[in-house]
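See structure below.
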Amino acid sequence: GVPRCGASLHEPNKALRIELNANANCIWQIQRNANQTMRLIFSHFKFAPSSSCETESIKVFDGPSTDSPLLGQVCEDTDAVPVLESSSDSLTFLITTNSVAFTRNFFVYYYFFSPGSGTENCGGELTGPNGTFSSPNYPAPYPEFRYCVWQIQAPKNSKINLEFQDFFLELDRNCQLDFTAVYDGPTTSSGLLGKVCGRAQPTFESSSNVMTVVLSTDNTNSYRGFSAQYSSAPLPGPVQPNTTLTCSSDSMRIVLSKSYLASLGFSEAYLQLNDPSCRPVITDSVIFSFPLASCGTIKKEKGIKKRKSQQDITYTNTISLDPAGNGITCQKNAEITAECRMKNNETLEVIYITKNNAIQHMAARGRYNVSMAFYESDLFSKPIHYFPYYVDLNQTLFAQVTLHSTDPNLQVFIDTCTASPQPDFGSLTYDLIRSGCNKDDTVVTYPAFENHGRFKFRAFRFLRSFPSVYLQCDVVISDSNTTNSRCARGCITRQKRDISPYTWKTNTVAGPISLKRGLRAAEYSESLTEAEAEKTPNLQQYNFYTLAFVVLISNILTVVAVILKRHKHQAGYRYQNIQSS
């Protein structure tokens, strides 16, 4: 018999039943006859569950050793019945398994044939909206060692319905010997819709206007084969992607319509995220809602091409079909990917569908949730909930900026803090912190703590002159694992372009801050006195000219009064002529 692990084979055809356990590394070499082509068919393979191509696979080499050119590879997720051909003098295949304790089973057979001979005269191309075809010799038994391929092409914008009216092939449990395979596309590399054998009346439906049908036979038993017909029908109009994605600092929320999922071939009962334990809530819609740092969400930093110094943080998760729900085989590779991009001053939310290498994008917008509050002490345990926040002059104020996020690896850095009496922060401003550097000599910043940025300062001088003051801080959010981030660099003393990556920048406002009412009256009088004192020279000059003007007017009025009085006196006592009688 054939050795259990590896062999050198010279027969013109042979079937191999192979059973392997963990840590196998077995090589089979097949020598071919002259002037013939070799066909190798892996009609059944069962690897360890969830194995990868890197750790467990079948590799086929076009030559006498594993140093020959690689002809193909078969893995646990191979979605086809692999058929490989070689015209070299020999062909080699290697099966390797990982360390998982599991019994692997493979069935492979090979045979030699002459291309263009009568034994290969089967299959063909079928075009038009409908048609029929059958296996070679139908209804007589089909011949041995046949590999027939039919490609069906219907009119554009239509789908194909294939029905086997009569079907009788050799029966075995895994359809290892004689089988028919149907593919959802133009080649055997398209998605496998199904593999059948025995007695049945199977039906298949394509997702496009192209379908491929394969008949493969060995040399054991032959039966009458099959008779099939196909018809075409218009593809339904595209279902609009009825989805919403909402990203916040805390969570990701995905809402999908059932009709859209049905158009993708998804059953909502079998949907899962990267973490299979995360399942949706199903109502009128299908809803996934989960914290950003859970359910297998993948976080990455990405640079922006136009601004190489800037980094975005992206959170990505993928909705896929649980293996138990792969009832629609041709759709099992479709995925729905949701991506939250934390960008400069906004959150870009993207959801897209990957299906047959096509991607559909949908986007929305949001913001990081950042807030700022004052606290009673440097314990930062009791926030100030009322505004205006009345304080004493030179009182120490404690401020904290908080990023509300479930991601534990984000760091908050206070880049710039500015005070202004105007809530819109107009022309009159006062810098407390600028580019991470303390500009007011009373400012003290605390080391970064979780998702908080903290600092303290004293109530500043111009509270005397304005009824209230507002505080605005520009905040930088970085990944705490990035060593050259803006948060890690701290104070930038020179005016130059920031060459270190930062994640996301926004601002937050707190206030107003006001002096206590009793103190404000005294301070207002004091400030008024100081202001008048500053204006003393101008006021003295003004009073001198005013007094001189008043004296001048008084003298003028006195002279006028004397003249009027004298004139009145002369008028009252003037002699009159006595008229003679």
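Chain labels A, B, ... are given in the sequence in which chains occur in the structure tokens; within each chain residues are numbered consecutively from 1, and ligands are likewise numbered from 1 in the order shown.
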Residues near range 179-192 of chain A, anyone? I mean within 6 Å using only C-alpha atoms, not counting same-chain ones fewer than 4 positions away, as a VMD selection string.
chain A and resid 79 to 80 175 196 to 197 206 210 to 216 330
Restricting the output to N, CA, C and O atoms, write the selected residues as an mmCIF file, in the first residue's frame.
data_model
loop_
_atom_site.group_PDB
_atom_site.id
_atom_site.type_symbol
_atom_site.label_atom_id
_atom_site.label_comp_id
_atom_site.auth_asym_id
_atom_site.auth_seq_id
_atom_site.Cartn_x
_atom_site.Cartn_y
_atom_site.Cartn_z
ATOM 1 N N ASP A 79 -12.063 27.901 -1.081
ATOM 2 C CA ASP A 79 -13.478 27.828 -1.439
ATOM 3 C C ASP A 79 -13.621 27.293 -2.862
ATOM 4 O O ASP A 79 -14.120 27.976 -3.757
ATOM 5 N N ALA A 80 -13.153 26.057 -3.090
ATOM 6 C CA ALA A 80 -13.205 25.446 -4.414
ATOM 7 C C ALA A 80 -12.798 23.995 -4.284
ATOM 8 O O ALA A 80 -12.347 23.548 -3.219
ATOM 9 N N CYS A 175 -18.536 13.184 -1.585
ATOM 10 C CA CYS A 175 -18.458 13.432 -3.036
ATOM 11 C C CYS A 175 -16.993 13.491 -3.481
ATOM 12 O O CYS A 175 -16.560 14.432 -4.158
ATOM 13 N N VAL A 196 -22.106 18.310 -5.544
ATOM 14 C CA VAL A 196 -23.127 17.286 -5.332
ATOM 15 C C VAL A 196 -22.721 15.994 -6.021
ATOM 16 O O VAL A 196 -21.928 15.982 -6.971
ATOM 17 N N CYS A 197 -23.301 14.885 -5.533
ATOM 18 C CA CYS A 197 -23.103 13.566 -6.130
ATOM 19 C C CYS A 197 -24.314 12.715 -5.766
ATOM 20 O O CYS A 197 -25.252 13.192 -5.107
ATOM 21 N N SER A 206 -27.303 31.989 -9.489
ATOM 22 C CA SER A 206 -26.105 32.834 -9.507
ATOM 23 C C SER A 206 -26.434 34.238 -9.024
ATOM 24 O O SER A 206 -27.603 34.630 -8.947
ATOM 25 N N VAL A 210 -23.221 35.072 -15.096
ATOM 26 C CA VAL A 210 -22.237 34.052 -15.465
ATOM 27 C C VAL A 210 -22.208 32.969 -14.393
ATOM 28 O O VAL A 210 -22.235 33.261 -13.197
ATOM 29 N N MET A 211 -22.128 31.702 -14.844
ATOM 30 C CA MET A 211 -22.057 30.557 -13.944
ATOM 31 C C MET A 211 -21.157 29.507 -14.587
ATOM 32 O O MET A 211 -21.114 29.382 -15.809
ATOM 33 N N THR A 212 -20.433 28.735 -13.774
ATOM 34 C CA THR A 212 -19.559 27.672 -14.261
ATOM 35 C C THR A 212 -19.968 26.347 -13.624
ATOM 36 O O THR A 212 -20.169 26.285 -12.398
ATOM 37 N N VAL A 213 -20.072 25.293 -14.446
ATOM 38 C CA VAL A 213 -20.466 23.960 -13.974
ATOM 39 C C VAL A 213 -19.353 22.975 -14.348
ATOM 40 O O VAL A 213 -18.863 22.979 -15.489
ATOM 41 N N VAL A 214 -18.955 22.123 -13.399
ATOM 42 C CA VAL A 214 -17.876 21.159 -13.595
ATOM 43 C C VAL A 214 -18.402 19.748 -13.329
ATOM 44 O O VAL A 214 -19.135 19.522 -12.347
ATOM 45 N N LEU A 215 -18.024 18.800 -14.163
ATOM 46 C CA LEU A 215 -18.230 17.371 -13.907
ATOM 47 C C LEU A 215 -16.864 16.703 -13.861
ATOM 48 O O LEU A 215 -16.077 16.811 -14.798
ATOM 49 N N SER A 216 -16.587 15.998 -12.764
ATOM 50 C CA SER A 216 -15.322 15.276 -12.617
ATOM 51 C C SER A 216 -15.624 13.810 -12.301
ATOM 52 O O SER A 216 -16.437 13.511 -11.407
ATOM 53 N N CYS A 330 -22.373 31.237 -1.672
ATOM 54 C CA CYS A 330 -21.696 32.179 -2.557
ATOM 55 C C CYS A 330 -21.499 33.535 -1.905
ATOM 56 O O CYS A 330 -20.767 34.373 -2.407
#
Quick one: DSSP strand (DSSP E) residues in range 377-406 of chain A, as JSON, numbers by chain?
{"A": [389, 390, 391, 396, 397, 398, 399, 400, 401, 402, 403]}
Please save N, CA and C atoms of the selected residues as a PDB file, in the first residue's frame.
ATOM      1  N   TYR A 389     -18.418  81.438  38.287  1.00  0.00           N
ATOM      2  CA  TYR A 389     -17.640  80.892  39.388  1.00  0.00           C
ATOM      3  C   TYR A 389     -16.959  82.070  40.069  1.00  0.00           C
ATOM      4  N   TYR A 390     -17.476  82.470  41.268  1.00  0.00           N
ATOM      5  CA  TYR A 390     -16.959  83.652  41.963  1.00  0.00           C
ATOM      6  C   TYR A 390     -15.720  83.275  42.768  1.00  0.00           C
ATOM      7  N   VAL A 391     -14.658  84.029  42.586  1.00  0.00           N
ATOM      8  CA  VAL A 391     -13.378  83.708  43.209  1.00  0.00           C
ATOM      9  C   VAL A 391     -12.777  84.958  43.827  1.00  0.00           C
ATOM     10  N   THR A 396      -6.110  80.425  43.929  1.00  0.00           N
ATOM     11  CA  THR A 396      -5.642  79.370  43.031  1.00  0.00           C
ATOM     12  C   THR A 396      -6.839  78.602  42.476  1.00  0.00           C
ATOM     13  N   LEU A 397      -6.885  78.501  41.161  1.00  0.00           N
ATOM     14  CA  LEU A 397      -7.978  77.781  40.491  1.00  0.00           C
ATOM     15  C   LEU A 397      -7.426  76.474  39.911  1.00  0.00           C
ATOM     16  N   PHE A 398      -8.216  75.433  40.002  1.00  0.00           N
ATOM     17  CA  PHE A 398      -7.814  74.108  39.544  1.00  0.00           C
ATOM     18  C   PHE A 398      -8.711  73.702  38.376  1.00  0.00           C
ATOM     19  N   ALA A 399      -8.105  73.466  37.211  1.00  0.00           N
ATOM     20  CA  ALA A 399      -8.861  73.142  35.993  1.00  0.00           C
ATOM     21  C   ALA A 399      -8.484  71.752  35.496  1.00  0.00           C
ATOM     22  N   GLN A 400      -9.466  71.057  34.985  1.00  0.00           N
ATOM     23  CA  GLN A 400      -9.235  69.709  34.434  1.00  0.00           C
ATOM     24  C   GLN A 400      -9.979  69.569  33.107  1.00  0.00           C
ATOM     25  N   VAL A 401      -9.255  69.091  32.083  1.00  0.00           N
ATOM     26  CA  VAL A 401      -9.841  68.759  30.791  1.00  0.00           C
ATOM     27  C   VAL A 401      -9.986  67.243  30.735  1.00  0.00           C
ATOM     28  N   THR A 402     -11.164  66.761  30.354  1.00  0.00           N
ATOM     29  CA  THR A 402     -11.455  65.327  30.361  1.00  0.00           C
ATOM     30  C   THR A 402     -11.909  64.876  28.988  1.00  0.00           C
ATOM     31  N   LEU A 403     -11.301  63.791  28.515  1.00  0.00           N
ATOM     32  CA  LEU A 403     -11.760  63.110  27.304  1.00  0.00           C
ATOM     33  C   LEU A 403     -12.658  61.960  27.734  1.00  0.00           C
TER      34      LEU A 403
END
Contacts of range 55-58 of chain A within 6 Å, only C-alpha atoms, excl. fewer than 6 positions in-chain, as a PyMOL selection string
chain A and resi 73-75+94-98
Expected file contents, prior selection, all heavy atoms, as a PDB file, in the first residue's frame:
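What landed in part-v1.pdb:
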ATOM      1  N   GLN A  73      -1.724  26.226  -3.917  1.00  0.00           N
ATOM      2  CA  GLN A  73      -1.770  25.969  -2.479  1.00  0.00           C
ATOM      3  C   GLN A  73      -3.219  25.770  -2.060  1.00  0.00           C
ATOM      4  O   GLN A  73      -4.123  26.470  -2.525  1.00  0.00           O
ATOM      5  CB  GLN A  73      -1.140  27.123  -1.697  1.00  0.00           C
ATOM      6  CG  GLN A  73      -1.027  26.874  -0.196  1.00  0.00           C
ATOM      7  CD  GLN A  73      -0.283  28.005   0.512  1.00  0.00           C
ATOM      8  OE1 GLN A  73      -0.207  29.130   0.010  1.00  0.00           O
ATOM      9  NE2 GLN A  73       0.276  27.719   1.677  1.00  0.00           N
ATOM     10  N   VAL A  74      -3.446  24.810  -1.162  1.00  0.00           N
ATOM     11  CA  VAL A  74      -4.778  24.516  -0.635  1.00  0.00           C
ATOM     12  C   VAL A  74      -4.735  24.705   0.869  1.00  0.00           C
ATOM     13  O   VAL A  74      -3.825  24.189   1.540  1.00  0.00           O
ATOM     14  CB  VAL A  74      -5.205  23.075  -0.975  1.00  0.00           C
ATOM     15  CG1 VAL A  74      -6.637  22.815  -0.486  1.00  0.00           C
ATOM     16  CG2 VAL A  74      -5.093  22.811  -2.465  1.00  0.00           C
ATOM     17  N   CYS A  75      -5.709  25.462   1.393  1.00  0.00           N
ATOM     18  CA  CYS A  75      -5.768  25.746   2.826  1.00  0.00           C
ATOM     19  C   CYS A  75      -7.171  25.457   3.355  1.00  0.00           C
ATOM     20  O   CYS A  75      -8.087  25.126   2.601  1.00  0.00           O
ATOM     21  CB  CYS A  75      -5.403  27.199   3.114  1.00  0.00           C
ATOM     22  SG  CYS A  75      -3.816  27.723   2.445  1.00  0.00           S
ATOM     23  N   LEU A  94       3.294  18.762  -0.944  1.00  0.00           N
ATOM     24  CA  LEU A  94       3.719  18.721   0.456  1.00  0.00           C
ATOM     25  C   LEU A  94       2.532  19.067   1.339  1.00  0.00           C
ATOM     26  O   LEU A  94       1.849  20.065   1.118  1.00  0.00           O
ATOM     27  CB  LEU A  94       4.852  19.730   0.680  1.00  0.00           C
ATOM     28  CG  LEU A  94       5.179  20.124   2.129  1.00  0.00           C
ATOM     29  CD1 LEU A  94       5.796  18.948   2.883  1.00  0.00           C
ATOM     30  CD2 LEU A  94       6.116  21.333   2.150  1.00  0.00           C
ATOM     31  N   ILE A  95       2.274  18.242   2.355  1.00  0.00           N
ATOM     32  CA  ILE A  95       1.224  18.534   3.332  1.00  0.00           C
ATOM     33  C   ILE A  95       1.888  18.781   4.673  1.00  0.00           C
ATOM     34  O   ILE A  95       2.643  17.924   5.176  1.00  0.00           O
ATOM     35  CB  ILE A  95       0.208  17.379   3.453  1.00  0.00           C
ATOM     36  CG1 ILE A  95      -0.429  17.077   2.098  1.00  0.00           C
ATOM     37  CG2 ILE A  95      -0.874  17.740   4.479  1.00  0.00           C
ATOM     38  CD1 ILE A  95      -1.460  15.958   2.150  1.00  0.00           C
ATOM     39  N   THR A  96       1.649  19.930   5.245  1.00  0.00           N
ATOM     40  CA  THR A  96       2.155  20.263   6.586  1.00  0.00           C
ATOM     41  C   THR A  96       0.973  20.541   7.505  1.00  0.00           C
ATOM     42  O   THR A  96      -0.043  21.110   7.085  1.00  0.00           O
ATOM     43  CB  THR A  96       3.071  21.490   6.551  1.00  0.00           C
ATOM     44  OG1 THR A  96       2.367  22.598   5.977  1.00  0.00           O
ATOM     45  CG2 THR A  96       4.312  21.218   5.730  1.00  0.00           C
ATOM     46  N   THR A  97       1.102  20.138   8.763  1.00  0.00           N
ATOM     47  CA  THR A  97       0.051  20.388   9.754  1.00  0.00           C
ATOM     48  C   THR A  97       0.664  21.060  10.970  1.00  0.00           C
ATOM     49  O   THR A  97       1.873  20.942  11.227  1.00  0.00           O
ATOM     50  CB  THR A  97      -0.642  19.083  10.176  1.00  0.00           C
ATOM     51  OG1 THR A  97       0.311  18.230  10.826  1.00  0.00           O
ATOM     52  CG2 THR A  97      -1.223  18.354   8.974  1.00  0.00           C
ATOM     53  N   ASN A  98      -0.182  21.759  11.734  1.00  0.00           N
ATOM     54  CA  ASN A  98       0.309  22.457  12.925  1.00  0.00           C
ATOM     55  C   ASN A  98       0.252  21.530  14.142  1.00  0.00           C
ATOM     56  O   ASN A  98       0.051  20.321  14.017  1.00  0.00           O
ATOM     57  CB  ASN A  98      -0.474  23.752  13.142  1.00  0.00           C
ATOM     58  CG  ASN A  98      -1.969  23.507  13.295  1.00  0.00           C
ATOM     59  OD1 ASN A  98      -2.394  22.439  13.748  1.00  0.00           O
ATOM     60  ND2 ASN A  98      -2.773  24.487  12.910  1.00  0.00           N
TER      61      ASN A  98
END
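Of the residues listed (A:Gly128, A:Pro64, A:Pro139, A:Pro421), A:Pro421 shows the shortest atom-to-atom separation from Ile513 in chain A; distances use only C-alpha atoms.
Near Gly131 in chain A, within 10 Å and counting only C-alpha atoms, sit Ile152, Ala154, Leu162, Ala228, Gln229, Tyr230, Ser231 and Ser232 of chain A, not including residues fewer than 6 positions from it in the same chain.
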Create the file for the chosen residues now, containing N, CA and C atoms and written as a compact mmCIF listing (two decimals), in the first residue's frame.
# COMPACT_ATOMS: atom_id res chain seq x y z
N ILE A 152 -21.67 29.14 -18.55
CA ILE A 152 -22.97 29.67 -18.96
C ILE A 152 -22.93 31.19 -18.86
N ALA A 154 -25.48 34.41 -19.55
CA ALA A 154 -26.81 34.94 -19.87
C ALA A 154 -26.68 36.43 -20.20
N LEU A 162 -30.25 27.48 -12.39
CA LEU A 162 -29.84 26.18 -12.94
C LEU A 162 -30.62 25.07 -12.23
N ALA A 228 -29.52 18.84 -17.51
CA ALA A 228 -29.78 20.10 -16.83
C ALA A 228 -30.31 21.14 -17.78
N GLN A 229 -31.05 22.09 -17.24
CA GLN A 229 -31.50 23.24 -18.02
C GLN A 229 -31.29 24.50 -17.18
N TYR A 230 -31.08 25.60 -17.88
CA TYR A 230 -30.92 26.87 -17.16
C TYR A 230 -31.83 27.91 -17.80
N SER A 231 -32.20 28.88 -17.01
CA SER A 231 -32.98 30.03 -17.48
C SER A 231 -32.41 31.27 -16.81
N SER A 232 -32.78 32.41 -17.31
CA SER A 232 -32.29 33.68 -16.74
C SER A 232 -33.45 34.55 -16.34
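Closest to Thr103 in chain A among A:Val370, A:Ala24, A:Cys122, A:Leu91 is A:Ala24, based on only C-alpha atoms.
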A:Ser88, A:Ser222, A:Gln395, A:Ser381: which is nearest Leu71 in chain A, counting only C-alpha atoms?
A:Ser88
As a ChimeraX atom specification, please: the residues near Asn174 in chain A (cut-off 12 Å, only C-alpha atoms, same-chain neighbours under 5 positions excluded).
/A:42-46,81,105-107,179-180,194-198
Would you put the residues from that selection into a file with N, CA, C and O atoms, as a PDB file, in the first residue's frame?
ATOM      1  N   PHE A  42      -7.873  17.476  -5.678  1.00  0.00           N
ATOM      2  CA  PHE A  42      -8.092  17.346  -4.230  1.00  0.00           C
ATOM      3  C   PHE A  42      -9.600  17.456  -3.996  1.00  0.00           C
ATOM      4  O   PHE A  42     -10.142  18.534  -3.746  1.00  0.00           O
ATOM      5  N   SER A  43     -10.283  16.308  -4.095  1.00  0.00           N
ATOM      6  CA  SER A  43     -11.745  16.340  -4.036  1.00  0.00           C
ATOM      7  C   SER A  43     -12.282  16.428  -2.620  1.00  0.00           C
ATOM      8  O   SER A  43     -13.464  16.687  -2.411  1.00  0.00           O
ATOM      9  N   HIS A  44     -11.424  16.207  -1.621  1.00  0.00           N
ATOM     10  CA  HIS A  44     -11.851  16.376  -0.231  1.00  0.00           C
ATOM     11  C   HIS A  44     -10.635  16.708   0.614  1.00  0.00           C
ATOM     12  O   HIS A  44      -9.572  16.091   0.472  1.00  0.00           O
ATOM     13  N   PHE A  45     -10.783  17.706   1.505  1.00  0.00           N
ATOM     14  CA  PHE A  45      -9.710  18.050   2.440  1.00  0.00           C
ATOM     15  C   PHE A  45     -10.329  18.599   3.712  1.00  0.00           C
ATOM     16  O   PHE A  45     -11.282  19.386   3.676  1.00  0.00           O
ATOM     17  N   LYS A  46      -9.794  18.155   4.826  1.00  0.00           N
ATOM     18  CA  LYS A  46     -10.277  18.623   6.134  1.00  0.00           C
ATOM     19  C   LYS A  46      -9.069  18.909   7.015  1.00  0.00           C
ATOM     20  O   LYS A  46      -8.403  17.992   7.511  1.00  0.00           O
ATOM     21  N   VAL A  81     -12.978  23.231  -5.373  1.00  0.00           N
ATOM     22  CA  VAL A  81     -12.401  21.887  -5.473  1.00  0.00           C
ATOM     23  C   VAL A  81     -11.122  22.046  -6.283  1.00  0.00           C
ATOM     24  O   VAL A  81     -11.170  22.206  -7.507  1.00  0.00           O
ATOM     25  N   ASN A 105      -8.051  14.749   7.244  1.00  0.00           N
ATOM     26  CA  ASN A 105      -8.376  13.775   6.210  1.00  0.00           C
ATOM     27  C   ASN A 105      -8.318  14.438   4.841  1.00  0.00           C
ATOM     28  O   ASN A 105      -8.819  15.561   4.658  1.00  0.00           O
ATOM     29  N   PHE A 106      -7.714  13.731   3.891  1.00  0.00           N
ATOM     30  CA  PHE A 106      -7.588  14.240   2.523  1.00  0.00           C
ATOM     31  C   PHE A 106      -7.872  13.098   1.546  1.00  0.00           C
ATOM     32  O   PHE A 106      -7.550  11.928   1.811  1.00  0.00           O
ATOM     33  N   PHE A 107      -8.501  13.464   0.440  1.00  0.00           N
ATOM     34  CA  PHE A 107      -8.666  12.504  -0.656  1.00  0.00           C
ATOM     35  C   PHE A 107      -8.192  13.184  -1.934  1.00  0.00           C
ATOM     36  O   PHE A 107      -8.690  14.249  -2.321  1.00  0.00           O
ATOM     37  N   PHE A 179     -18.258  13.818  -9.019  1.00  0.00           N
ATOM     38  CA  PHE A 179     -19.014  14.941  -8.454  1.00  0.00           C
ATOM     39  C   PHE A 179     -19.272  15.997  -9.523  1.00  0.00           C
ATOM     40  O   PHE A 179     -18.593  16.060 -10.559  1.00  0.00           O
ATOM     41  N   THR A 180     -20.269  16.825  -9.239  1.00  0.00           N
ATOM     42  CA  THR A 180     -20.533  18.032 -10.021  1.00  0.00           C
ATOM     43  C   THR A 180     -20.362  19.227  -9.089  1.00  0.00           C
ATOM     44  O   THR A 180     -20.922  19.240  -7.980  1.00  0.00           O
ATOM     45  N   GLY A 194     -21.817  24.994  -4.680  1.00  0.00           N
ATOM     46  CA  GLY A 194     -22.086  23.685  -4.106  1.00  0.00           C
ATOM     47  C   GLY A 194     -21.417  22.565  -4.887  1.00  0.00           C
ATOM     48  O   GLY A 194     -21.044  22.728  -6.052  1.00  0.00           O
ATOM     49  N   LYS A 195     -21.248  21.410  -4.215  1.00  0.00           N
ATOM     50  CA  LYS A 195     -20.704  20.201  -4.836  1.00  0.00           C
ATOM     51  C   LYS A 195     -21.662  19.068  -4.514  1.00  0.00           C
ATOM     52  O   LYS A 195     -22.017  18.861  -3.342  1.00  0.00           O
ATOM     53  N   VAL A 196     -22.106  18.310  -5.544  1.00  0.00           N
ATOM     54  CA  VAL A 196     -23.127  17.286  -5.332  1.00  0.00           C
ATOM     55  C   VAL A 196     -22.721  15.994  -6.021  1.00  0.00           C
ATOM     56  O   VAL A 196     -21.928  15.982  -6.971  1.00  0.00           O
ATOM     57  N   CYS A 197     -23.301  14.885  -5.533  1.00  0.00           N
ATOM     58  CA  CYS A 197     -23.103  13.566  -6.130  1.00  0.00           C
ATOM     59  C   CYS A 197     -24.314  12.715  -5.766  1.00  0.00           C
ATOM     60  O   CYS A 197     -25.252  13.192  -5.107  1.00  0.00           O
ATOM     61  N   GLY A 198     -24.295  11.427  -6.165  1.00  0.00           N
ATOM     62  CA  GLY A 198     -25.402  10.538  -5.837  1.00  0.00           C
ATOM     63  C   GLY A 198     -26.638  10.821  -6.665  1.00  0.00           C
ATOM     64  O   GLY A 198     -26.567  11.251  -7.822  1.00  0.00           O
TER      65      GLY A 198
END
Report as a PyMOL selection string all protein, DNA and RNA residues lying within 8 Å of Tyr138 in chain A, evaluated on only C-alpha atoms, omitting residues in the same chain fewer than 2 positions from it.
chain A and resi 134-136+140-142+224-227
Include C-alpha atoms and write out the residues we just selected as a PDB file, in the first residue's frame.
ATOM      1  CA  SER A 134     -26.001  17.018 -20.221  1.00  0.00           C
ATOM      2  CA  SER A 135     -23.109  14.814 -19.175  1.00  0.00           C
ATOM      3  CA  PRO A 136     -21.168  12.852 -21.846  1.00  0.00           C
ATOM      4  CA  ALA A 140     -25.723   6.068 -20.966  1.00  0.00           C
ATOM      5  CA  PRO A 141     -23.021   5.892 -18.263  1.00  0.00           C
ATOM      6  CA  TYR A 142     -20.478   8.685 -18.365  1.00  0.00           C
ATOM      7  CA  ARG A 224     -26.047   7.866 -16.332  1.00  0.00           C
ATOM      8  CA  GLY A 225     -24.939  11.337 -15.258  1.00  0.00           C
ATOM      9  CA  PHE A 226     -27.238  14.329 -15.538  1.00  0.00           C
ATOM     10  CA  SER A 227     -29.513  16.408 -17.707  1.00  0.00           C
TER      11      SER A 227
END
